[in-house]
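For reference, start32.cif is printed below; it contains mmCIF, C-alpha atoms.
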data_protein
loop_
_atom_site.group_PDB
_atom_site.id
_atom_site.type_symbol
_atom_site.label_atom_id
_atom_site.label_comp_id
_atom_site.auth_asym_id
_atom_site.auth_seq_id
_atom_site.Cartn_x
_atom_site.Cartn_y
_atom_site.Cartn_z
ATOM 1 C CA MET A 234 5.807 -22.932 -12.873
ATOM 2 C CA GLN A 235 6.943 -19.379 -13.647
ATOM 3 C CA HIS A 236 9.588 -17.583 -11.635
ATOM 4 C CA ALA A 237 9.551 -13.785 -11.594
ATOM 5 C CA GLN A 238 12.784 -11.835 -11.641
ATOM 6 C CA ILE A 239 13.064 -9.908 -8.407
ATOM 7 C CA SER A 240 14.951 -6.661 -7.860
ATOM 8 C CA ARG A 241 15.781 -4.996 -4.576
ATOM 9 C CA VAL A 242 14.469 -1.404 -4.652
ATOM 10 C CA TYR A 243 15.383 1.329 -2.176
ATOM 11 C CA VAL A 244 11.954 2.784 -1.391
ATOM 12 C CA TRP A 245 11.960 4.423 2.037
ATOM 13 C CA GLN A 246 14.809 6.865 2.582
ATOM 14 C CA LEU A 247 16.385 7.261 6.012
ATOM 15 C CA PRO A 248 14.525 10.523 6.849
ATOM 16 C CA VAL A 249 11.190 8.817 6.080
ATOM 17 C CA ARG A 250 12.065 5.870 8.299
ATOM 18 C CA PHE A 251 13.209 8.165 11.115
ATOM 19 C CA TYR A 252 9.974 10.127 10.778
ATOM 20 C CA HIS A 253 7.899 6.946 10.913
ATOM 21 C CA TRP A 254 9.434 5.537 14.085
ATOM 22 C CA ILE A 255 9.691 8.893 15.898
ATOM 23 C CA ASN A 256 6.069 9.524 15.002
ATOM 24 C CA ALA A 257 5.031 6.077 16.235
ATOM 25 C CA LEU A 258 6.821 6.612 19.557
ATOM 26 C CA SER A 259 5.401 10.124 19.958
ATOM 27 C CA VAL A 260 1.845 8.992 19.245
ATOM 28 C CA LEU A 261 2.155 6.109 21.701
ATOM 29 C CA VAL A 262 3.359 8.433 24.476
ATOM 30 C CA LEU A 263 0.772 11.089 23.617
ATOM 31 C CA VAL A 264 -2.111 8.610 23.642
ATOM 32 C CA ILE A 265 -1.120 7.104 27.005
ATOM 33 C CA THR A 266 -0.446 10.412 28.720
ATOM 34 C CA GLY A 267 -3.437 12.068 27.020
ATOM 35 C CA TYR A 268 -5.751 9.363 28.296
ATOM 36 C CA LEU A 269 -4.386 9.807 31.818
ATOM 37 C CA ILE A 270 -4.845 13.568 31.591
ATOM 38 C CA GLY A 271 -8.435 13.135 30.399
ATOM 39 C CA SER A 272 -9.281 10.430 32.963
ATOM 40 C CA PRO A 273 -6.743 10.704 35.814
ATOM 41 C CA PRO A 274 -6.766 7.753 38.243
ATOM 42 C CA ALA A 275 -6.944 8.351 41.981
ATOM 43 C CA VAL A 276 -3.364 7.648 43.034
ATOM 44 C CA GLN A 277 -3.170 7.511 46.822
ATOM 45 C CA SER A 278 0.031 7.895 48.786
ATOM 46 C CA GLY A 279 1.027 8.165 52.440
ATOM 47 C CA SER A 280 3.642 10.827 51.691
ATOM 48 C CA GLU A 281 3.160 14.571 51.863
ATOM 49 C CA ALA A 282 0.991 16.023 49.092
ATOM 50 C CA SER A 283 3.856 18.270 47.995
ATOM 51 C CA PHE A 284 5.888 15.163 47.122
ATOM 52 C CA GLY A 285 3.184 13.660 44.904
ATOM 53 C CA TYR A 286 3.870 15.239 41.548
ATOM 54 C CA TRP A 287 3.032 12.278 39.306
ATOM 55 C CA PHE A 288 0.290 14.106 37.398
ATOM 56 C CA GLY A 289 2.594 17.031 36.718
ATOM 57 C CA THR A 290 5.138 14.542 35.357
ATOM 58 C CA VAL A 291 2.471 13.043 33.088
ATOM 59 C CA ARG A 292 1.627 16.484 31.730
ATOM 60 C CA PHE A 293 5.317 17.331 31.218
ATOM 61 C CA VAL A 294 5.883 14.108 29.263
ATOM 62 C CA HIS A 295 2.771 14.846 27.192
ATOM 63 C CA PHE A 296 4.001 18.345 26.343
ATOM 64 C CA LEU A 297 7.509 17.083 25.546
ATOM 65 C CA ALA A 298 6.128 14.401 23.212
ATOM 66 C CA ALA A 299 3.864 17.022 21.610
ATOM 67 C CA PHE A 300 6.832 19.231 20.663
ATOM 68 C CA LEU A 301 8.680 16.209 19.265
ATOM 69 C CA PHE A 302 5.569 15.179 17.333
ATOM 70 C CA PHE A 303 5.106 18.688 15.916
ATOM 71 C CA PHE A 304 8.650 19.253 14.675
ATOM 72 C CA ASN A 305 8.831 15.720 13.313
ATOM 73 C CA PHE A 306 5.604 16.415 11.400
ATOM 74 C CA VAL A 307 6.964 19.710 10.045
ATOM 75 C CA TYR A 308 10.055 17.881 8.809
ATOM 76 C CA ARG A 309 7.876 15.290 7.044
ATOM 77 C CA ILE A 310 6.019 18.083 5.263
ATOM 78 C CA TYR A 311 9.375 19.412 4.052
ATOM 79 C CA TRP A 312 10.526 15.957 2.957
ATOM 80 C CA GLY A 313 7.357 15.561 0.924
ATOM 81 C CA PHE A 314 8.831 18.168 -1.437
ATOM 82 C CA VAL A 315 12.495 17.110 -1.533
ATOM 83 C CA GLY A 316 12.365 13.329 -0.968
ATOM 84 C CA ASN A 317 12.409 10.593 -3.578
ATOM 85 C CA ARG A 318 9.367 9.752 -5.715
ATOM 86 C CA TYR A 319 7.928 7.440 -3.070
ATOM 87 C CA ALA A 320 7.954 10.165 -0.401
ATOM 88 C CA ARG A 321 6.529 12.993 -2.508
ATOM 89 C CA TRP A 322 3.122 14.560 -1.892
ATOM 90 C CA GLN A 323 1.646 13.469 -5.238
ATOM 91 C CA ASN A 324 1.471 9.937 -3.795
ATOM 92 C CA PHE A 325 -1.020 11.087 -1.167
ATOM 93 C CA ILE A 326 -3.497 12.954 -3.391
ATOM 94 C CA PRO A 327 -5.422 10.825 -5.969
ATOM 95 C CA TYR A 328 -5.475 13.191 -8.945
ATOM 96 C CA ARG A 329 -4.689 10.600 -11.654
ATOM 97 C CA LYS A 330 -7.118 8.064 -13.126
ATOM 98 C CA GLU A 331 -4.780 5.137 -12.442
ATOM 99 C CA GLN A 332 -4.688 6.096 -8.763
ATOM 100 C CA LEU A 333 -8.482 5.923 -8.532
ATOM 101 C CA GLU A 334 -8.424 2.538 -10.269
ATOM 102 C CA GLU A 335 -5.852 1.327 -7.771
ATOM 103 C CA VAL A 336 -8.095 2.412 -4.895
ATOM 104 C CA LYS A 337 -10.747 0.002 -6.234
ATOM 105 C CA GLU A 338 -8.195 -2.809 -6.435
ATOM 106 C CA VAL A 339 -6.982 -2.204 -2.894
ATOM 107 C CA LEU A 340 -10.567 -2.293 -1.620
ATOM 108 C CA LYS A 341 -10.994 -5.680 -3.294
ATOM 109 C CA VAL A 342 -7.952 -6.966 -1.416
ATOM 110 C CA ASP A 343 -8.314 -5.254 1.966
ATOM 111 C CA ILE A 344 -12.065 -4.942 2.499
ATOM 112 C CA PHE A 345 -13.991 -7.308 0.244
ATOM 113 C CA GLN A 346 -11.318 -10.058 0.162
ATOM 114 C CA ARG A 347 -12.124 -10.702 -3.512
ATOM 115 C CA SER A 348 -8.498 -10.753 -4.625
ATOM 116 C CA VAL A 349 -5.143 -11.778 -3.189
ATOM 117 C CA LYS A 350 -2.942 -10.799 -6.121
ATOM 118 C CA PRO A 351 -0.077 -8.389 -5.445
ATOM 119 C CA LEU A 352 -0.705 -4.722 -6.267
ATOM 120 C CA GLU A 353 1.329 -2.827 -8.828
ATOM 121 C CA SER A 354 2.426 -0.039 -6.459
ATOM 122 C CA VAL A 355 5.969 -0.047 -5.100
ATOM 123 C CA GLY A 356 5.597 2.712 -2.514
ATOM 124 C CA HIS A 357 2.282 3.529 -0.856
ATOM 125 C CA ASN A 358 -0.734 2.208 -2.725
ATOM 126 C CA ALA A 359 -3.350 4.825 -3.656
ATOM 127 C CA LEU A 360 -5.767 4.013 -0.824
ATOM 128 C CA ALA A 361 -2.958 4.055 1.732
ATOM 129 C CA GLY A 362 -1.856 7.426 0.350
ATOM 130 C CA ILE A 363 -5.347 8.882 0.838
ATOM 131 C CA THR A 364 -5.513 7.433 4.344
ATOM 132 C CA TYR A 365 -2.147 8.925 5.272
ATOM 133 C CA PHE A 366 -3.214 12.285 3.876
ATOM 134 C CA ILE A 367 -6.293 12.191 6.137
ATOM 135 C CA SER A 368 -4.027 11.259 9.041
ATOM 136 C CA PHE A 369 -1.816 14.271 8.256
ATOM 137 C CA ILE A 370 -4.891 16.505 8.542
ATOM 138 C CA ALA A 371 -5.636 14.837 11.898
ATOM 139 C CA PHE A 372 -2.016 15.463 12.926
ATOM 140 C CA LEU A 373 -2.419 19.141 12.074
ATOM 141 C CA PHE A 374 -5.706 19.346 14.000
ATOM 142 C CA GLN A 375 -4.110 17.837 17.097
ATOM 143 C CA CYS A 376 -1.153 20.215 16.900
ATOM 144 C CA ILE A 377 -3.381 23.279 16.546
ATOM 145 C CA THR A 378 -5.803 22.323 19.317
ATOM 146 C CA GLY A 379 -3.064 21.039 21.630
ATOM 147 C CA PHE A 380 -0.898 24.144 21.367
ATOM 148 C CA GLY A 381 -4.046 26.280 21.514
ATOM 149 C CA MET A 382 -4.809 24.930 24.989
ATOM 150 C CA TYR A 383 -1.150 25.059 26.018
ATOM 151 C CA ALA A 384 -0.941 28.754 25.076
ATOM 152 C CA ALA A 385 -2.965 29.705 28.170
ATOM 153 C CA MET A 386 -0.254 28.335 30.485
ATOM 154 C CA SER A 387 2.892 29.123 28.513
ATOM 155 C CA LYS A 388 4.764 32.248 27.480
ATOM 156 C CA ALA A 389 6.623 30.427 24.693
ATOM 157 C CA ALA A 390 6.315 31.838 21.179
ATOM 158 C CA LEU A 391 5.189 28.624 19.467
ATOM 159 C CA PRO A 392 2.040 27.938 21.540
ATOM 160 C CA ALA A 393 1.130 31.621 21.348
ATOM 161 C CA LEU A 394 0.754 31.260 17.580
ATOM 162 C CA PHE A 395 -2.246 28.989 18.174
ATOM 163 C CA ALA A 396 -3.989 30.943 20.946
ATOM 164 C CA TRP A 397 -6.749 31.958 18.499
ATOM 165 C CA ILE A 398 -8.097 28.410 18.238
ATOM 166 C CA VAL A 399 -9.701 28.348 21.716
ATOM 167 C CA PRO A 400 -12.092 31.304 21.217
ATOM 168 C CA LEU A 401 -12.757 30.187 17.637
ATOM 169 C CA MET A 402 -13.937 26.723 18.751
ATOM 170 C CA GLY A 403 -16.067 27.943 21.648
ATOM 171 C CA GLY A 404 -13.776 27.822 24.635
ATOM 172 C CA ASP A 405 -11.259 25.619 26.375
ATOM 173 C CA PHE A 406 -13.738 22.840 27.248
ATOM 174 C CA ALA A 407 -14.858 22.383 23.634
ATOM 175 C CA VAL A 408 -11.281 22.309 22.359
ATOM 176 C CA ARG A 409 -10.318 19.794 25.032
ATOM 177 C CA GLN A 410 -13.227 17.513 24.079
ATOM 178 C CA TRP A 411 -12.360 17.608 20.382
ATOM 179 C CA HIS A 412 -8.683 17.061 21.131
ATOM 180 C CA HIS A 413 -9.498 14.053 23.319
ATOM 181 C CA ALA A 414 -11.970 12.605 20.801
ATOM 182 C CA MET A 415 -9.392 12.810 18.008
ATOM 183 C CA MET A 416 -7.057 10.726 20.161
ATOM 184 C CA TRP A 417 -9.257 7.705 19.416
ATOM 185 C CA PHE A 418 -8.714 8.257 15.703
ATOM 186 C CA PHE A 419 -5.024 7.605 16.288
ATOM 187 C CA VAL A 420 -5.789 4.490 18.329
ATOM 188 C CA LEU A 421 -7.993 3.022 15.582
ATOM 189 C CA PHE A 422 -5.640 4.138 12.818
ATOM 190 C CA SER A 423 -2.663 2.466 14.519
ATOM 191 C CA MET A 424 -4.506 -0.823 14.974
ATOM 192 C CA ILE A 425 -5.693 -0.927 11.346
ATOM 193 C CA HIS A 426 -2.304 0.236 10.060
ATOM 194 C CA VAL A 427 -0.392 -2.549 11.836
ATOM 195 C CA TYR A 428 -2.877 -5.178 10.661
ATOM 196 C CA LEU A 429 -2.733 -4.059 7.012
ATOM 197 C CA VAL A 430 1.067 -3.882 6.996
ATOM 198 C CA PHE A 431 1.296 -7.512 8.066
ATOM 199 C CA TYR A 432 -1.544 -8.498 5.724
ATOM 200 C CA HIS A 433 0.068 -6.888 2.676
ATOM 201 C CA ASP A 434 3.392 -8.397 3.673
ATOM 202 C CA TYR A 435 1.704 -11.799 3.456
ATOM 203 C CA VAL A 436 -0.220 -11.092 0.218
ATOM 204 C CA GLU A 437 2.508 -9.289 -1.715
ATOM 205 C CA ALA A 438 5.603 -10.966 -0.216
ATOM 206 C CA ARG A 439 7.754 -7.897 -0.890
ATOM 207 C CA GLY A 440 9.159 -7.227 2.553
ATOM 208 C CA VAL A 441 6.669 -4.499 3.470
ATOM 209 C CA THR A 442 7.322 -4.861 7.205
ATOM 210 C CA SER A 443 11.115 -4.870 7.024
ATOM 211 C CA SER A 444 11.170 -2.036 4.461
ATOM 212 C CA MET A 445 10.447 0.513 7.189
ATOM 213 C CA VAL A 446 13.589 -0.693 8.978
ATOM 214 C CA GLY A 447 16.039 -1.089 6.111
ATOM 215 C CA GLY A 448 14.284 0.878 3.369
ATOM 216 C CA TRP A 449 14.329 -1.902 0.764
ATOM 217 C CA LYS A 450 11.504 -3.757 -0.973
ATOM 218 C CA PHE A 451 11.618 -6.726 -3.330
ATOM 219 C CA VAL A 452 9.773 -5.978 -6.562
ATOM 220 C CA GLU A 453 9.242 -7.807 -9.856
ATOM 221 C CA LYS A 454 11.423 -6.157 -12.499
ATOM 222 C CA HIS A 455 8.558 -5.413 -14.921
ATOM 223 C CA LYS A 456 6.932 -3.161 -12.282
ATOM 224 C CA LEU A 457 9.880 -0.800 -11.873
#
Structure rendered as structure tokens:
Amino acid sequence: MQHAQISRVYVWQLPVRFYHWINALSVLVLVITGYLIGSPPAVQSGSEASFGYWFGTVRFVHFLAAFLFFFNFVYRIYWGFVGNRYARWQNFIPYRKEQLEEVKEVLKVDIFQRSVKPLESVGHNALAGITYFISFIAFLFQCITGFGMYAAMSKAALPALFAWIVPLMGGDFAVRQWHHAMMWFFVLFSMIHVYLVFYHDYVEARGVTSSMVGGWKFVEKHKL
């Protein structure tokens, strides 16, 4: 029986971990409040109508989470240029041959279940990188459409920058429908993401789950 030499590698820097958990919290709040805004329940109360401001509170929380989500996203874009090699943007765009080969290997493990051997990647594998890049585009779309709708009811400078999106996409109703539809992308992405994190933690046994808390992974020395 062979025993591999294991090294502890610092993969996810503190700013990346902060981004991840702030983003997760923001998305959770945005999805819940966004669903309520799109399909508001009939909340009945015996008090005066002027005291029933629950829907306004839901909208306020949604807007607050949206600003947090946006600035957190902007910071992640910045960190993609100044972070360590595992956080850099080249990990998200498959421009090298070995990255495309790794995509095939990940598909064998994740989709076709033809292999259970650990992958060579230490940070994001190539398929995960592509998926996250697509999610970043979805993030940007939600920010643009969300602030585009918010611009009509706000005098703030930031939403005003996106006021052009509503006429471009055919009006407020169309933008609202696209914005709401994209919400389900985040729901599906989150479900698949959580499943694959636990699955790769089991297959690779490198501490994938705990690495987004402490930053460290356990990697065979020959792969460093």
Residues in the PyMOL selection byres ((chain A and resi 310-323) around 10), expressed as a PyMOL selection string = chain A and resi 243-246+248-249+252+304-309+324-329+354-357+362+366+369
request  = Counting all atoms listed in the file, write as a PyMOL selection string all protein and nucleic acid residues lying at most 12 Å from (-8.6, 13.8, 24.4) in the file's frame.
outcome  = chain A and resi 263-273+295+375+378-379+382+406-420
Of the listed residues A:Ile425, A:Leu394, A:Ala275, A:Ala299, that which approaches A:Phe372 most closely, counting only C-alpha atoms = A:Ala299
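Residues captured in this structure file are Pro327, Gln332, Glu335, Val336, His357, Asn358, Leu360, Ala361, Gly362 and Ile363 of chain A, according to the PyMOL selection byres ((chain A and resi 359) around 7).
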Output file for the residues above (C-alpha atoms, as a PDB file, in the coordinates of the input):
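Listed below is the output, part36.pdb:
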ATOM      1  CA  PRO A 327      -5.422  10.825  -5.969  1.00  0.00           C
ATOM      2  CA  GLN A 332      -4.688   6.096  -8.763  1.00  0.00           C
ATOM      3  CA  GLU A 335      -5.852   1.327  -7.771  1.00  0.00           C
ATOM      4  CA  VAL A 336      -8.095   2.412  -4.895  1.00  0.00           C
ATOM      5  CA  HIS A 357       2.282   3.529  -0.856  1.00  0.00           C
ATOM      6  CA  ASN A 358      -0.734   2.208  -2.725  1.00  0.00           C
ATOM      7  CA  LEU A 360      -5.767   4.013  -0.824  1.00  0.00           C
ATOM      8  CA  ALA A 361      -2.958   4.055   1.732  1.00  0.00           C
ATOM      9  CA  GLY A 362      -1.856   7.426   0.350  1.00  0.00           C
ATOM     10  CA  ILE A 363      -5.347   8.882   0.838  1.00  0.00           C
TER      11      ILE A 363
END
Distance criterion (only C-alpha atoms): nearest to A:Leu258 out of A:Val276, A:Phe288, A:Leu301, A:Phe293 =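 Of A:Val276, A:Phe288, A:Leu301, A:Phe293, the one nearest A:Leu258, counting only C-alpha atoms, is A:Leu301.
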ask   = So how many Å separate atom CA of A:Ile255 and atom CA of A:Phe302, to one decimal?
value =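 Separation of atom CA of A:Ile255 and atom CA of A:Phe302: 7.7 Å.
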